[in-house]
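Asker: Sharing a structure, written as structure tokens. Questions coming.
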There are 2 protein chains.
Amino acid sequence: MPPTLLTYLLLALVAGSGAASARRHRSPANLTASGNPVYLWPLPKNFTSGTQTLAVDPDLALDAQGLGGGAAAVAEAFGRYRSLIFSPWAHAARPASRAYDVSTLTVVVASADETLELGVDESYTIYIGAAGGVNSIVGGATIEANTIYGAIRGLETFSQLCVFNYDTKNVEVRYAPWYIQDEPRFAFRGLLLDTSRHYYPVDVIKQVIDSMSFAKLNVLHWHIIDEQSFPLEIPSYPNLWKGSYSKLERYTVEDAQYIVSYAKKRGIHVMAEIDVPGHGESWGNGYPKLWPSPSCTEPLDVSSNFTFEVISGILSDMRKIFPFGMFHLGGDEVYTGCWNVTPHVKQWLDERNMTTKDAYKYFVLRAQEIAIHLNWTPVNWEETFNSFGENLNPLTVVHNWLGPGVCPKVVAKGLRCIMSNQGAWYLDHLDVPWEEVYAEEPLAGISDAAQQKLVLGGEVCMWGETADTSDALQTIWPRAAAAAERMWSPLEAISAQDLETTVLSRLHYFRCLLNHRGIAAAPVTNFYARRPPIGPGSCFIQ
Amino acid sequence: MPPTLLTYLLLALVAGSGAASARRHRSPANLTASGNPVYLWPLPKNFTSGTQTLAVDPDLALDAQGLGGGAAAVAEAFGRYRSLIFSPWAHAARPASRAYDVSTLTVVVASADETLELGVDESYTIYIGAAGGVNSIVGGATIEANTIYGAIRGLETFSQLCVFNYDTKNVEVRYAPWYIQDEPRFAFRGLLLDTSRHYYPVDVIKQVIDSMSFAKLNVLHWHIIDEQSFPLEIPSYPNLWKGSYSKLERYTVEDAQYIVSYAKKRGIHVMAEIDVPGHGESWGNGYPKLWPSPSCTEPLDVSSNFTFEVISGILSDMRKIFPFGMFHLGGDEVYTGCWNVTPHVKQWLDERNMTTKDAYKYFVLRAQEIAIHLNWTPVNWEETFNSFGENLNPLTVVHNWLGPGVCPKVVAKGLRCIMSNQGAWYLDHLDVPWEEVYAEEPLAGISDAAQQKLVLGGEVCMWGETADTSDALQTIWPRAAAAAERMWSPLEAISAQDLETTVLSRLHYFRCLLNHRGIAAAPVTNFYARRPPIGPGSCFIQ
């Protein structure tokens with residue numbers, strides 16, 4: 001019998017009961033009922049905890065329920081998280097006759113629809129209680145979600161509740177019974193990865209995706225191509241690949257498809273970008289005609305139909321790889337000076353009585369049309385809005401980066417916005433401490449509820465000029481986690497906290513959890529990001 | 001029919017033939033027959049190459065032969081390397097009717113003895129040729145070795161010969177046919193990892209072990225415990241674990257056994273260390289009696305039998321974990337001043353008419369006896385030799401670190417030596433460039449052949465004061481690779497080379513290979529080690 005309804009009723013009873021016993025009550029901010037920090041990151045929306053300690057069976061079994069519970073993605077995610085929970089501790093010999101409190105994890109998924117699109121339901125509910133106790137009828141552990149993606153988020157939270165006790169050599173859930181009801185504040189919680197300034201091998205992109213899922217980030221903004229290199233295979237224009245740094249620093253179509261599939265299994269969208277017309281120099285290595293002239297290699301040649309044929313070919317090819325509904329067209333840092341001094345471009349401008357600023361607008365809007373024709377929502381960096389916001393297609397999502405206060409202007413015009421204020425959320429700004437990342441609020445300056453809804457969320461950006469495989473993960477983490485909690489957890493909960501006393505200990509813990517999972521997150525309180533520890537010490541206090 | 005003998009004869013013919021065709025000849029230094037660099041690291045002892053390009057079947061099958069070929073370790077290693085060869089590129093769709101040149105890898109292992117001990121035979125021979133060609137009778141790929149550990153080294157070399165061709169979307173072996181005959185110059189090729197100054201999660205130690213196997217390093221010197229923390233469980237003296245940084249920065253006995261087992265599957269010894277008496281402060285957190293006094297917390301109390309009872313208990317427990325025949329007893333940096341001002345120790349010294357220097361010797365020799373009694377070869381840091389070398393047990397292996405010129409003195413006295421001159425091989429010395437690591441010669445100053453044999457090899461040391469999960473791998477790599485080639489490859493081959501033109505390109509390549517395998521190796525030519533790249537660029541030139 002699917003327990004969904006019964007369980008929900010019981011959970012509601014547990015959660016809402018004004019007569020909750022001393023062992024179980026709604027906790028303030030991020031403390032357990034026992035007054036201990038809740039070592040969960042990001043902080044769930046609602047939770048109650050208790051004082052029991054439950055032992056988790058190393059042979060933890062999955063009981064998948066509901067229309068969507070049988071999905072392969074659920075079983076796969078359960079397997080991944082069982083490894084994360086028990087490895088590397090499962091080497092401890094299992095006592096033969098040990099009785100465990102939690103031997104089955106029930107995962108109920110209401111919907112069989114596996115579509116991953118912006119705004120997909122990521123909510124979930126967790127109940128963990130001891131069998132034989134007050135709540136014996138729902139003893140064990142249960143995750144309930146409307147979609148497989150909610151279940152995946154719940155599995156992450158469940159895994160963070162499971163901690164190895166080195167004295168008993170059991171994985172335990174402390175402060176049970178737990179009731180957690182959770183969902184994100186923003187639908188778009190992104191991380192930009194720049195594979196043009198330096199190439200990242202697929203295995204490293206997988207590490208980035210894995211780590212994103214640990215912090216419940218859900219959009220990998222893949223800044224694939226820029227002026228420095230063109231690593232992605234484009235079957236329609238195969239010579240573009242000549243713009244790769246080398247023959248070994250490339251992504252095949254199949255690599256990209258694999259990355260999309262790998263991300264989807266973790267509930268992560270992949271938003272691809274081509275940054276036109278300003279960041280396209282590498283395109284011309286394969287097709288020099290895309291350059292206005294050998295001495296004017298970007299912006300791309302606005303005067304040539306071939307330029308837009310190539311864009312159309314790239315986007316058509318990419319549409320087969322990237323199912324996500326949003327596509328980033330760049331549009332930042334367009335320095336049009338050399339258009340004016342390239343005779344055939346200058347002539348083209350003059351014939352149309354266009355300034356270079358007009359031509360910039362023309363380029364962006366024509367590229368938007370190509371993307372929209374392919375059923376993509378276009379995303380553009382904020383310069384496009386700043387320069388000709390009134391002309392942007394109403395579907396446009398504006399991506400802030402230059403500074404604070406842009407999203408309020410964007411949403412006031414009825415357009416949607418993503419916040420990446422470089423002063424706080426550009427991860428290559430090594431002098432920004434975690435507190436400033438954490439304090440950055442995507443809704444700052446927007447009080448109107450309807451306008452607030454137009455802010456899809458935000459994105460931390462790992463630009464690649466000085467980041468590669470050797471340092472990306474420690475530049476991303478732990479600061480990206482600060483933004484992740486800002487975007488996931490309720491504003492009231494995270495605003496009310498004293499950073500030093502109630503957030504920092506959880507962030508230290510999350511950083512050490514990342515380390516335990518093999519992710520090279522840097523110390524939290526470094527003077528500069530990604531700096532190594534300055535002396536011996538515990539992970540939890542450096 | 002086991003092809004061993006037949007294959008050997010044919011290989012000898014191929015290798016030694018004075019009538020070798022232009023397509024196949026002994027290459028100078030590290031160039032292929034075609035004049036291209038041999039992208040192998042470390043450089044094999046002998047090899048010949050050709051001009052063929054062979055396509056490798058993504059469904060590459062193992063044909064295990066010989067008495068040892070059927071070992072699970074061989075099949076496991078083959079599986080690992082097949083993943084390394086084809087992942088992440090195997091996502092490319094396989095053409096339906098493609099004929100591959102190499103569809104089977106034959107691995108012949110002569111001996112079924114899986115004992116892993118210092119000096120185990122790591123030699124191997126590889127032959128890769130096209131079926132249907134001149135050497136059709138040995139077409140395909142064959143690795144022959146006397147032990148599974150030689151086979152594992154051969155698999156690493158084979159995997160480095162396999163490169164993805166992004167144009168054909170095949171994994172290919174270029175410059176075939178290949179004949180490689182290889183074995184290490186030194187039996188002991190170590191890397192020290194310090195888990196006391198910072199704790200490394202087991203998953204991170206696994207990454208270190210994996211990466212060591214890629215460079216054919218074969219001894220993980222596990223500096224488990226030091227004055228800052230005591231992370232390892234010692235069942236005989238369970239309170240020692242109270243010296244861990246926290247309850248989550250610990251290794252269980254089972255963790256340590258798992259690490260030993262994981263390393264063994266990669267042909268890597270684990271040499272454990274307790275650094276007595278000078279680096280033992282953390283021991284006293286659980287047993288304060290080990291401290292001479294609360295204000296004299298190290299060296300450990302030389303006057304107390306309890307000290308040696310604890311050492312005996314630790315070593316007895318460790319003997320069940322660490323099968324390797326060598327055990328490191330430390331003995332460096334013993335500052336005995338506070339022994340003299342601790343009344344009961346001073347009294348003990350006076351009663352025996354001993355100086356503190358005498359007591360240092362007494363401590364080290366008594367600890368050696370305990371280790372020897374447990375059938376361990378004792379290893380000690382060089383201060384023990386410098387202070388009382390004539391008293392050291394003749395079994396002692398002296399571990400150099402303070403500077404150059406120590407091993408010549410050690411071997412002149414008939415003792416064995418490991419070279420770790422800190423000026424070149426301490427990886428936390430960030431200002432040592434790769435060229436200086438590469439140039440450091442363990443046999444420098446030793447011309448007598450018998451004395452040369454007493455140098456077991458060398459070890460690069462990743463001390464942990466400013467290294468943790470966030471930066472260890474990029475501090476270790478790529479410089480550890482420079483030492484690895486120094487210790488593996490023939491002296492003539494690596495001495496004769498022009499570093500800039502013939503070594504650097506291979507080292508760049510090896511660093512990028514590590515990156516492809518998910519290891520965060522830093523740029524090769526950084527001004528300081530582990531520094532990120534200073535600007536955009538290809539992995540292969542930074």
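The chains in the structure tokens are called A, B, ... from first to last as shown; in each chain the residues are counted from 1, and the ligands are counted from 1 in the order shown.
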Within 8 Å of chain A, which residues of chain B come that close, and what is the closest atom pair and distance in Å for each? Count only C-alpha atoms and give it as JSON lines.
Answerer:
```
{"residue": "B:Pro88", "atom": "CA", "partner": "A:Val202", "partner_atom": "CA", "distance": 6.2}
{"residue": "B:Trp89", "atom": "CA", "partner": "A:Asp255", "partner_atom": "CA", "distance": 6.9}
{"residue": "B:His91", "atom": "CA", "partner": "A:Glu254", "partner_atom": "CA", "distance": 5.4}
{"residue": "B:Ala92", "atom": "CA", "partner": "A:Glu254", "partner_atom": "CA", "distance": 5.1}
{"residue": "B:Ala93", "atom": "CA", "partner": "A:Glu254", "partner_atom": "CA", "distance": 7.3}
{"residue": "B:Phe164", "atom": "CA", "partner": "A:Leu248", "partner_atom": "CA", "distance": 7.7}
{"residue": "B:Asn165", "atom": "CA", "partner": "A:Lys247", "partner_atom": "CA", "distance": 7.8}
{"residue": "B:Tyr166", "atom": "CA", "partner": "A:Lys247", "partner_atom": "CA", "distance": 6.8}
{"residue": "B:Arg197", "atom": "CA", "partner": "A:Pro536", "partner_atom": "CA", "distance": 4.6}
{"residue": "B:His198", "atom": "CA", "partner": "A:Gly537", "partner_atom": "CA", "distance": 5.9}
{"residue": "B:Tyr199", "atom": "CA", "partner": "A:Ser538", "partner_atom": "CA", "distance": 7.2}
{"residue": "B:Tyr200", "atom": "CA", "partner": "A:His516", "partner_atom": "CA", "distance": 8.0}
{"residue": "B:Pro201", "atom": "CA", "partner": "A:His516", "partner_atom": "CA", "distance": 5.1}
{"residue": "B:Val202", "atom": "CA", "partner": "A:Pro88", "partner_atom": "CA", "distance": 6.2}
{"residue": "B:Asp203", "atom": "CA", "partner": "A:Gly518", "partner_atom": "CA", "distance": 5.5}
{"residue": "B:Val204", "atom": "CA", "partner": "A:Gly518", "partner_atom": "CA", "distance": 5.4}
{"residue": "B:Gln228", "atom": "CA", "partner": "A:Pro536", "partner_atom": "CA", "distance": 7.2}
{"residue": "B:Tyr245", "atom": "CA", "partner": "A:Ser538", "partner_atom": "CA", "distance": 5.5}
{"residue": "B:Ser246", "atom": "CA", "partner": "A:Ser538", "partner_atom": "CA", "distance": 7.2}
{"residue": "B:Lys247", "atom": "CA", "partner": "A:Tyr166", "partner_atom": "CA", "distance": 6.8}
{"residue": "B:Leu248", "atom": "CA", "partner": "A:Tyr166", "partner_atom": "CA", "distance": 7.3}
{"residue": "B:Glu249", "atom": "CA", "partner": "A:Ser538", "partner_atom": "CA", "distance": 7.8}
{"residue": "B:Arg250", "atom": "CA", "partner": "A:Tyr166", "partner_atom": "CA", "distance": 7.5}
{"residue": "B:Thr252", "atom": "CA", "partner": "A:Ala92", "partner_atom": "CA", "distance": 7.3}
{"residue": "B:Val253", "atom": "CA", "partner": "A:Ala92", "partner_atom": "CA", "distance": 7.8}
{"residue": "B:Glu254", "atom": "CA", "partner": "A:Ala92", "partner_atom": "CA", "distance": 5.1}
{"residue": "B:Asp255", "atom": "CA", "partner": "A:His91", "partner_atom": "CA", "distance": 6.0}
{"residue": "B:Tyr258", "atom": "CA", "partner": "A:His91", "partner_atom": "CA", "distance": 6.7}
{"residue": "B:Gly464", "atom": "CA", "partner": "A:Pro536", "partner_atom": "CA", "distance": 7.1}
{"residue": "B:Glu465", "atom": "CA", "partner": "A:Pro536", "partner_atom": "CA", "distance": 4.7}
{"residue": "B:Thr466", "atom": "CA", "partner": "A:Pro533", "partner_atom": "CA", "distance": 5.1}
{"residue": "B:Ala467", "atom": "CA", "partner": "A:Pro532", "partner_atom": "CA", "distance": 6.4}
{"residue": "B:Asp468", "atom": "CA", "partner": "A:Pro533", "partner_atom": "CA", "distance": 7.3}
{"residue": "B:Thr469", "atom": "CA", "partner": "A:Ala520", "partner_atom": "CA", "distance": 5.3}
{"residue": "B:Ser470", "atom": "CA", "partner": "A:Ala520", "partner_atom": "CA", "distance": 4.2}
{"residue": "B:Asp471", "atom": "CA", "partner": "A:Pro532", "partner_atom": "CA", "distance": 6.2}
{"residue": "B:Gln474", "atom": "CA", "partner": "A:Ser470", "partner_atom": "CA", "distance": 6.0}
{"residue": "B:Asn515", "atom": "CA", "partner": "A:Thr469", "partner_atom": "CA", "distance": 6.2}
{"residue": "B:His516", "atom": "CA", "partner": "A:Pro201", "partner_atom": "CA", "distance": 5.1}
{"residue": "B:Arg517", "atom": "CA", "partner": "A:Asp203", "partner_atom": "CA", "distance": 6.7}
{"residue": "B:Gly518", "atom": "CA", "partner": "A:Val204", "partner_atom": "CA", "distance": 5.4}
{"residue": "B:Ile519", "atom": "CA", "partner": "A:Thr469", "partner_atom": "CA", "distance": 7.8}
{"residue": "B:Ala520", "atom": "CA", "partner": "A:Ser470", "partner_atom": "CA", "distance": 4.1}
{"residue": "B:Ala521", "atom": "CA", "partner": "A:Ser470", "partner_atom": "CA", "distance": 5.3}
{"residue": "B:Ala522", "atom": "CA", "partner": "A:Ser470", "partner_atom": "CA", "distance": 4.9}
{"residue": "B:Pro523", "atom": "CA", "partner": "A:Ser470", "partner_atom": "CA", "distance": 7.5}
{"residue": "B:Arg530", "atom": "CA", "partner": "A:Ser470", "partner_atom": "CA", "distance": 7.7}
{"residue": "B:Pro532", "atom": "CA", "partner": "A:Thr466", "partner_atom": "CA", "distance": 6.0}
{"residue": "B:Pro533", "atom": "CA", "partner": "A:Thr466", "partner_atom": "CA", "distance": 5.1}
{"residue": "B:Ile534", "atom": "CA", "partner": "A:Thr466", "partner_atom": "CA", "distance": 5.5}
{"residue": "B:Gly535", "atom": "CA", "partner": "A:Glu465", "partner_atom": "CA", "distance": 5.0}
{"residue": "B:Pro536", "atom": "CA", "partner": "A:Arg197", "partner_atom": "CA", "distance": 4.6}
{"residue": "B:Gly537", "atom": "CA", "partner": "A:His198", "partner_atom": "CA", "distance": 5.9}
{"residue": "B:Ser538", "atom": "CA", "partner": "A:Tyr245", "partner_atom": "CA", "distance": 5.4}
{"residue": "B:Cys539", "atom": "CA", "partner": "A:His198", "partner_atom": "CA", "distance": 7.3}
```
Asker: Check the smallest atom-to-atom distance from each of B:Asp448, B:Asp332, B:Glu369, B:Asp428 to Phe308 in chain B using only C-alpha atoms, then report the winner.
Answerer: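 With only C-alpha atoms as the atom set, the closest residue is B:Glu369.
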Asker: List the spatial neighbours of range 121-125 of chain A as a list in words - criterion: any atom at most 7 Å away, only C-alpha atoms, same-chain residues fewer than 5 positions off excluded.
Answerer: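 What passes the distance filter is Ile143, Glu144, Ala145, Asn146, Thr147, Tyr149, Gly150, Ala151, Arg153, Gly154, Ile180, Gln181, Asp182 and Glu183 of chain A.
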Asker: Go ahead and compute the interatomic distance for CA of His269 in chain A and CA of Val208 in chain A, in Å to one decimal.
Answerer: 13.1 Å
Asker: Would you list the contacts of Pro37 in chain A as an NGL selection string, taking every protein, DNA or RNA residue within 10 Å and counting only C-alpha atoms, but skipping same-chain residues closer than 3 positions in sequence?
Answerer: :A and (29-34 or 40 or 501-503 or 505-506)
Asker: Return the single residue from A:Val524, A:Leu456, A:Ile418, A:Val411 that is closest to Trp434 in chain A, with distances computed using only C-alpha atoms.
Answerer: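 Closest to Trp434 in chain A of all the choices is A:Val524.
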Asker: With only C-alpha atoms as the basis for distance, which of A:Ile321, A:Leu193, A:Leu365, A:Leu300 is at the shortest distance from Val345 in chain A?
Answerer: A:Leu300
Asker: Would you please work out which residue, of A:Ala450, A:Ala215, A:Leu240, A:Met326, is nearest to Ser282 in chain A when using only C-alpha atoms?
Answerer: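 Of all the options, A:Leu240 lies closest to Ser282 in chain A.
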Asker: Output as JSON, numbers by chain all residues of range 80-253 of chain A that backbone DSSP marks as strand (DSSP E or B).
Answerer: {"A": [102, 103, 104, 105, 106, 107, 108, 109, 124, 125, 126, 127, 128, 129, 140, 141, 142, 143, 144, 145, 162, 163, 164, 165, 170, 171, 172, 173, 174, 175, 176, 178, 179, 180, 181, 182, 188, 189, 190, 191, 192, 193, 194, 219, 220, 221, 222, 223, 232, 251]}
Asker: Just the selected residues (C-alpha atoms), exported as an mmCIF file, in the first residue's frame, please.
Answerer:
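Saved result, selection.cif, follows:
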```
data_model
loop_
_atom_site.group_PDB
_atom_site.id
_atom_site.type_symbol
_atom_site.label_atom_id
_atom_site.label_comp_id
_atom_site.auth_asym_id
_atom_site.auth_seq_id
_atom_site.Cartn_x
_atom_site.Cartn_y
_atom_site.Cartn_z
ATOM 1 C CA VAL A 102 16.791 2.685 10.399
ATOM 2 C CA SER A 103 17.079 -0.199 7.967
ATOM 3 C CA THR A 104 14.848 1.079 5.206
ATOM 4 C CA LEU A 105 14.556 4.457 3.573
ATOM 5 C CA THR A 106 11.133 4.906 2.045
ATOM 6 C CA VAL A 107 11.128 7.307 -0.881
ATOM 7 C CA VAL A 108 7.716 8.337 -2.119
ATOM 8 C CA VAL A 109 7.585 10.235 -5.394
ATOM 9 C CA TYR A 124 10.361 17.360 -0.153
ATOM 10 C CA THR A 125 9.424 16.183 3.302
ATOM 11 C CA ILE A 126 11.529 13.975 5.560
ATOM 12 C CA TYR A 127 10.454 12.050 8.602
ATOM 13 C CA ILE A 128 12.928 10.018 10.615
ATOM 14 C CA GLY A 129 11.818 8.331 13.806
ATOM 15 C CA GLY A 140 12.148 4.472 10.036
ATOM 16 C CA ALA A 141 12.961 7.107 7.491
ATOM 17 C CA THR A 142 10.726 8.493 4.791
ATOM 18 C CA ILE A 143 11.265 11.069 2.080
ATOM 19 C CA GLU A 144 8.192 12.298 0.268
ATOM 20 C CA ALA A 145 8.345 14.484 -2.812
ATOM 21 C CA CYS A 162 23.800 10.720 8.813
ATOM 22 C CA VAL A 163 27.086 11.001 10.690
ATOM 23 C CA PHE A 164 29.606 8.315 11.569
ATOM 24 C CA ASN A 165 30.154 7.783 15.266
ATOM 25 C CA ASN A 170 27.777 3.209 13.477
ATOM 26 C CA VAL A 171 26.376 5.768 11.127
ATOM 27 C CA GLU A 172 23.859 7.599 13.255
ATOM 28 C CA VAL A 173 21.105 10.136 12.968
ATOM 29 C CA ARG A 174 21.249 12.325 16.033
ATOM 30 C CA TYR A 175 18.479 14.555 17.368
ATOM 31 C CA ALA A 176 15.729 12.347 15.976
ATOM 32 C CA TRP A 178 13.260 14.654 12.593
ATOM 33 C CA TYR A 179 10.529 16.261 10.614
ATOM 34 C CA ILE A 180 11.740 18.455 7.770
ATOM 35 C CA GLN A 181 9.652 20.268 5.203
ATOM 36 C CA ASP A 182 11.753 22.011 2.623
ATOM 37 C CA PHE A 188 17.439 29.467 -10.403
ATOM 38 C CA ARG A 189 20.503 28.800 -8.238
ATOM 39 C CA GLY A 190 23.430 28.844 -10.567
ATOM 40 C CA LEU A 191 27.161 28.397 -10.896
ATOM 41 C CA LEU A 192 29.026 29.598 -13.969
ATOM 42 C CA LEU A 193 31.943 27.511 -15.204
ATOM 43 C CA ASP A 194 34.213 29.013 -17.865
ATOM 44 C CA VAL A 219 21.960 25.433 -12.727
ATOM 45 C CA LEU A 220 25.350 24.847 -14.285
ATOM 46 C CA HIS A 221 25.839 27.881 -16.495
ATOM 47 C CA TRP A 222 28.320 26.476 -18.962
ATOM 48 C CA HIS A 223 30.273 29.377 -20.411
ATOM 49 C CA LEU A 232 32.950 22.339 -28.292
ATOM 50 C CA TYR A 251 34.418 18.427 -25.925
#
```
Asker: Can you list, as a PyMOL selection string, all residues belonging to range 155-317 of chain B that DSSP tags as helix (DSSP H, G or I)?
Answerer: chain B and resi 155-161+202-214+238-243+253-264+281-285+288-290+305-317
